[in-house]
Structure formats: C-alpha cells, structure tokens
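Peer 1: Structure incoming, see below.
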Amino acid sequence: MRRSATALRHNLARALALAPGSRIWAVIKADGYGHGMEWAAAELAGVAQGFAVSCVEEALALRESGAAAPILVLQGPRTPAEWELCARHDLQPVLHDEAQLPTLAGFNGELPGLWIKLDTGMHRLGFAPLKAQILFQQLRGHPAARRGLHWLTHLACADQPAHPLNREQLERFAHAVSELPGQRSVANSALVMSGGAAAFTRAEWIRTGIMLYGPSPLEGSAGPEHDLRPVMTVTAPLIAVKRLEPGATVGYGATWTAGRSTRAGVVAIGYADGYPRHAPTGTPVLVRGRECPLIGRVSMDMLEIDLTDVPEADVGDPVILWGEGLPVERIAEAAGTISYDLLTRVAGRLRVTDIG
Ligand SMILES: *Cc1c(COP(=O)(O)O)cnc(C)c1O
C-alpha cells in the first residue's frame with residue numbers, strides 16, 4: 001500500500017474550501033479509515049483544528065502518539081473512569097444517551113468541551129431534540145460543561161442529496177438548538193460535498209472522514225470528479241502469467257471459463273489482505289495503465305486477471321487494485337459495498353510505503 005500525505009492535505013484543503021469559515025474535525029477513527037490514525041494525525045497536525053475518533057481508547061492512543069489538537073470522542077465515555085480519562089487527556093466527549101448520565105454523576109473534572117448529540121432521524125445515537133433545552137438546564141452548572149456545551153447531530157442520507165430526510169433532520173436540529181449557546185457540528189463529507197446546507201457547512205465544525213482519503217461518498221460519483229485525490233493506492237505484483245486454451249477454467253469452483261485463448265495473470269493479493277472476496281469477474285485492476293478484468297474467485301492470497309489485451313504485461317509488474325487511476329469506489333460498487341468498507345479492511349499485512 002502506498003499512501004500520500006500530499007493527497008491527504010490536498011483533500012483537507014478541499015473540505016475547508018467547500019465550507020468557508022468552518023473548523024474541521026478530521027475524522028480519523030478506525031485507524032484513519034485504514035490509512036493509519038497516527039500517521040494521518042501527524043500529517044494533518046497544524047492544518048486540522050481537531051480530530052474525531054470513535055472511542056476513548058482511540059483518543060488515548062492518539063494523545064500518546066503526540067497529537068496535541070482537540071479530540072472529539074464520538075461514542076463518548078461509558079464508565080466513570082472514562083470521564084476521568086477525558087478530563088486528564090483533554091478530550092471532548094459526546095453525551096448521547098440517558099445511560100451515560102449516571103456515569104457522569106460523580107465526575108467533577110473539567111473538560112475542554114462537552115458535546116451533546118441529538119437524534120434528528122438517524123435513530124442510532126442521540127437524545128430526542130425535545131430534550132435539548134432540558135439537558136442544557138440540567139448540565140449548564142456541571143463541571144463537565146463549564147468550559148462549553150456544544151451540539152451535534154448526524155445525517156442518515158447525506159450521500160443522497162435529494163433525500164427528504166436531509167431537510168427534515170437539518171430543520172429539527174436547527175429548531176432544537178436555535179436558542180441555545182454553544183458550537184454546532186452537523187456536516188459529514190457528503191453534506192460538505194453536496195453543499196446541501198450552507199448554514200451547517202459554514203462557520204461550524206464540519207466532521208469529514210471519507211473525503212479526506214479521496215473517495216466521494218455521493219451516490220454515483222467518484223473522488224476525482226470533485227478534485228479529491230486518492231491517499232491510498234493498493235498494489236501487488238504479478239507473480240505468474242500463463243496461456244489458457246478456450247474451455248479452461250480458473251480458480252476455486254471453476255467459475256470462469258476461457259472463451260478464447262487467454263493470457264491469465266496471477267496477482268499476489270487476496271481477501272486476507274483486504275481485497276474483497278465478493279469482487280466478481282470483471283472487476284477492474286490496472287496493469288501498465290490499462291484496465292484488466294478480474295477472472296474467477298478471489299483466493300486468500302491471490303487473484304487472477306485476464307491480461308490478453310495487455311500483451312506487454314509480465315511477471316514482476318505492479319498491479320494497481322485501487323487508488324491512483326482507479327477509484328476505490330469502482331471496486332466497492334463491483335463488490336456490492338462502499339469505499340469505507342474496503343479502506344478500513346486493508347490488512348496490516350500490506351507493507352506501507354509513504355510516497356510524500
Ligand atoms: C464517521 C463519522 C463521520 C464522518 O463521516 P464521513 O462520511 O466519513 O465524512 C462524521 N460523524 C460521525 C458521527 C461519524 O460517526
């Protein structure tokens with residue numbers, strides 16, 4: 001796997017350009033969407049105003065790596081001890097559920113900020129919007145909220161800009177917090193990129209993950225169309241090339257049959273490295289700048305491709321599975337999944353090369 005810090009910083013600049021006046025929580029949960037959380041934080045230090053991670057554990061690892069920026073903990077603390085850790089390590093946790101309130105009871109440390117999540121229609125985490133006022137009254141005097149009580153929500157359908165739930169959620173949120181002080185954070189990558197809600201993509205905290213790594217979350221589009229650059233390029237060498245006669249089958253289950261005399265190539269990457277096992281015949285790979293189709297089933301450590309139309313290809317050639325020149329969105333779509341899933345599954349087994 002090659003990764004590009006230049007591309008990462010370019011994409012962050014794109015996000016900020018699309019959300020003028022906003023500050024950014026660069027979302028680097030799930031090991032920086034598979035790119036390395038600590039690497040991403042180090043490369044974005046000084047340009048991202050803060051980082052967002054899922055849990056206290058991730059936040060502690062980030063602090064330990066030397067990150068000094070504000071850190072938002074999206075799932076928030078689950079135990080009294082985790083509230084104490086938030087105070088000690090200067091973390092900004094999210095309060096999203098009644099079940100967290102008892103764990104906060106005995107806490108009197110200070111936090112750099114406490115964020116309250118409202119559930120405006122995603123129905124995953126968050127309090128009912130009607131409770132915003134009550135929570136505000138209840139928490140305003142609490143030490144946890146002394147330095148700031150802020151508000152966030154998350155959209156369910158931002159990747160489909162025309163979906164009516166987007167407007168409903170934004171209205172519910174605006175209504176719930178209109179009279180309340182504090183900062184706000186609504187926009188994920190898709191909302192920032194669709195420009196769907198200027199009020200929430202300007203002068204607030206945007207919370208962008210996927211676009212920082214290059215893919216577009218918007219349905220039916222790929223990152224390069226939005227001037228986003230792939231940060232990760234997955235490559236593997238061609239380790240064997242062979243001639244197949246018409247009628248020969250390839251791989252486990254013999255699911256693919258040569259219809260013509262075929263030059264087949266074996267690439268040293270498989271599902272144990274994070275390449276999707278469900279990628280079907282026809283999924284593209286890039287060899288010497290040309291697209292070749294995957295043939296047959298993906299194995300644990302290898303996959304096969306049809307090289308007939310790239311006769312100059314040979315053993316030792318690097319094959320691009322996704323990244324530069326081949327958006328991961330295309331592979332995701334072929335495999336019936338999303339770019340997030342592919343990026344976060346890339347196995348530690350792949351050697352990482354930093355290309356600047
Ligand atoms: C992961 C996450 C994000 C980032 O979403 P992207 O689609 O990657 O931009 C933002 N907010 C919350 C609550 C998240 O869980």
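By order in the structure tokens, chains are A, B, ...; within a chain, residues start at 1; ligands start at 1, following the order shown.
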Leaving out Gly220 in chain A and any residue of its chain fewer than 5 positions from it, which residues lie within 12 Å of it when counting only C-alpha atoms, given as a list in words?

Peer 2: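 Skipping anything fewer than 5 positions along the chain leaves Asp159, Gln160, Pro161, Pro215, Glu225, Glu329, Arg330, Ala332, Glu333 and Ile338 of chain A.
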
Peer 1: Enumerate as an NGL selection string the residues within 7 Å of ligand 1, counting only C-alpha atoms and all ligand atoms.

Peer 2: :A and (27 or 74 or 154 or 188-190 or 207-211 or 217)

Peer 1: For those residues, write C-alpha atoms to a file as a short mmCIF file (atom, residue, chain, number, x, y, z; two decimals), in the first residue's frame.

Peer 2:
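Ended up saving to again13.cif:
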```cif
data_model
loop_
_atom_site.label_atom_id
_atom_site.label_comp_id
_atom_site.auth_asym_id
_atom_site.auth_seq_id
_atom_site.Cartn_x
_atom_site.Cartn_y
_atom_site.Cartn_z
CA VAL A 27 -12.33 12.06 11.32
CA LEU A 74 -17.90 10.35 19.04
CA HIS A 154 -25.63 13.10 12.21
CA ASN A 188 -20.09 14.88 7.27
CA SER A 189 -18.23 14.58 3.95
CA ALA A 190 -21.37 14.05 1.91
CA ARG A 207 -16.86 16.40 10.59
CA THR A 208 -15.33 14.93 7.49
CA GLY A 209 -13.84 11.49 7.17
CA ILE A 210 -14.05 9.74 3.84
CA MET A 211 -13.39 12.73 1.59
CA PRO A 217 -19.47 9.44 -0.61
#
```

Peer 1: Please provide as a list in words all residues within 12 Å of Tyr271 in chain A, with the sequence filter that same-chain residues fewer than 5 positions apart are discarded (counting only C-alpha atoms).

Peer 2: Pro276, Arg277, His278, Ala279, Arg297, Val298, Ser299, Met300, Asp301, Met302, Leu303, Leu342, Arg345, Val346, Ala347, Arg349 and Leu350 of chain A

Peer 1: Take the selection from the previous step and output its residues with N, CA and C atoms, as a PDB file, in the first residue's frame.

Peer 2:
```
ATOM      1  N   PRO A 276     -11.685  -7.433  -1.524  1.00  0.00           N
ATOM      2  CA  PRO A 276     -12.999  -8.057  -1.238  1.00  0.00           C
ATOM      3  C   PRO A 276     -13.188  -9.391  -1.957  1.00  0.00           C
ATOM      4  N   ARG A 277     -13.528 -10.405  -1.183  1.00  0.00           N
ATOM      5  CA  ARG A 277     -13.716 -11.726  -1.773  1.00  0.00           C
ATOM      6  C   ARG A 277     -14.903 -11.747  -2.735  1.00  0.00           C
ATOM      7  N   HIS A 278     -15.840 -10.822  -2.505  1.00  0.00           N
ATOM      8  CA  HIS A 278     -17.038 -10.826  -3.348  1.00  0.00           C
ATOM      9  C   HIS A 278     -16.881 -10.031  -4.642  1.00  0.00           C
ATOM     10  N   ALA A 279     -15.698  -9.505  -4.888  1.00  0.00           N
ATOM     11  CA  ALA A 279     -15.489  -8.818  -6.172  1.00  0.00           C
ATOM     12  C   ALA A 279     -15.702  -9.843  -7.281  1.00  0.00           C
ATOM     13  N   ARG A 297     -12.822 -16.599  -8.888  1.00  0.00           N
ATOM     14  CA  ARG A 297     -12.954 -16.191  -7.499  1.00  0.00           C
ATOM     15  C   ARG A 297     -11.651 -15.663  -6.924  1.00  0.00           C
ATOM     16  N   VAL A 298     -11.788 -14.705  -6.027  1.00  0.00           N
ATOM     17  CA  VAL A 298     -10.630 -14.179  -5.299  1.00  0.00           C
ATOM     18  C   VAL A 298     -10.216 -15.232  -4.267  1.00  0.00           C
ATOM     19  N   SER A 299      -8.918 -15.569  -4.233  1.00  0.00           N
ATOM     20  CA  SER A 299      -8.408 -16.509  -3.231  1.00  0.00           C
ATOM     21  C   SER A 299      -7.914 -15.742  -2.015  1.00  0.00           C
ATOM     22  N   MET A 300      -7.426 -16.470  -1.019  1.00  0.00           N
ATOM     23  CA  MET A 300      -6.956 -15.831   0.218  1.00  0.00           C
ATOM     24  C   MET A 300      -5.783 -14.887  -0.034  1.00  0.00           C
ATOM     25  N   ASP A 301      -4.819 -15.331  -0.846  1.00  0.00           N
ATOM     26  CA  ASP A 301      -3.601 -14.550  -1.055  1.00  0.00           C
ATOM     27  C   ASP A 301      -3.355 -14.173  -2.510  1.00  0.00           C
ATOM     28  N   MET A 302      -4.267 -14.548  -3.377  1.00  0.00           N
ATOM     29  CA  MET A 302      -4.055 -14.308  -4.811  1.00  0.00           C
ATOM     30  C   MET A 302      -5.378 -14.038  -5.507  1.00  0.00           C
ATOM     31  N   LEU A 303      -5.260 -13.429  -6.674  1.00  0.00           N
ATOM     32  CA  LEU A 303      -6.413 -13.338  -7.563  1.00  0.00           C
ATOM     33  C   LEU A 303      -5.886 -13.406  -8.990  1.00  0.00           C
ATOM     34  N   LEU A 342     -13.978  -1.031   2.165  1.00  0.00           N
ATOM     35  CA  LEU A 342     -12.724  -1.529   1.588  1.00  0.00           C
ATOM     36  C   LEU A 342     -11.515  -0.890   2.261  1.00  0.00           C
ATOM     37  N   ARG A 345     -10.740  -2.177   5.757  1.00  0.00           N
ATOM     38  CA  ARG A 345     -10.392  -3.594   5.847  1.00  0.00           C
ATOM     39  C   ARG A 345      -8.974  -3.899   5.397  1.00  0.00           C
ATOM     40  N   VAL A 346      -8.306  -2.922   4.851  1.00  0.00           N
ATOM     41  CA  VAL A 346      -6.958  -3.182   4.362  1.00  0.00           C
ATOM     42  C   VAL A 346      -6.118  -3.731   5.509  1.00  0.00           C
ATOM     43  N   ALA A 347      -5.568  -4.876   5.277  1.00  0.00           N
ATOM     44  CA  ALA A 347      -4.934  -5.593   6.384  1.00  0.00           C
ATOM     45  C   ALA A 347      -3.531  -5.060   6.665  1.00  0.00           C
ATOM     46  N   ARG A 349      -1.191  -6.607   6.968  1.00  0.00           N
ATOM     47  CA  ARG A 349      -0.300  -7.470   6.214  1.00  0.00           C
ATOM     48  C   ARG A 349       0.359  -6.753   5.033  1.00  0.00           C
ATOM     49  N   LEU A 350      -0.310  -5.721   4.515  1.00  0.00           N
ATOM     50  CA  LEU A 350       0.264  -4.999   3.374  1.00  0.00           C
ATOM     51  C   LEU A 350       1.364  -4.074   3.858  1.00  0.00           C
TER      52      LEU A 350
END
```

Peer 1: When you look at range 76-80 of chain A with a cut-off of 6 Å (counting only C-alpha atoms), what residues show up, excluding the ones that are within fewer than 3 positions of it in the same chain? I need them as a ChimeraX atom specification.

Peer 2: /A:73,83,93-95,103

Peer 1: Could you give me, as a list in words, the residues within 6 Å of range 54-71 of chain A, counting only C-alpha atoms and dropping anything in the same chain fewer than 4 positions from it?

Peer 2: Lys29, Gly50, Gln75, Leu91 and Gln92 of chain A

Peer 1: Can you write out the residues you just picked, keeping C-alpha atoms, as a compact mmCIF listing (two decimals), in the first residue's frame?

Peer 2:
```
# COMPACT_ATOMS: atom_id res chain seq x y z
CA LYS A 29 -11.42 6.74 13.63
CA GLY A 50 -9.21 18.88 15.68
CA GLN A 75 -19.21 7.48 21.16
CA LEU A 91 -10.74 15.10 25.30
CA GLN A 92 -14.13 16.42 24.20
```

Peer 1: Distance CA of Arg184 in chain A-CA of His150 in chain A, one decimal place?

Peer 2: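 These two atoms are separated by 6.0 Å.
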
Peer 1: I need the residues of range 85-224 of chain A that end up classed as helix (DSSP H, G or I) by DSSP on the backbone, written out as a PyMOL selection string.

Peer 2: chain A and resi 85-88+98-104+129-139+143-145+164-177+189-194+198-201+210-213+223-224
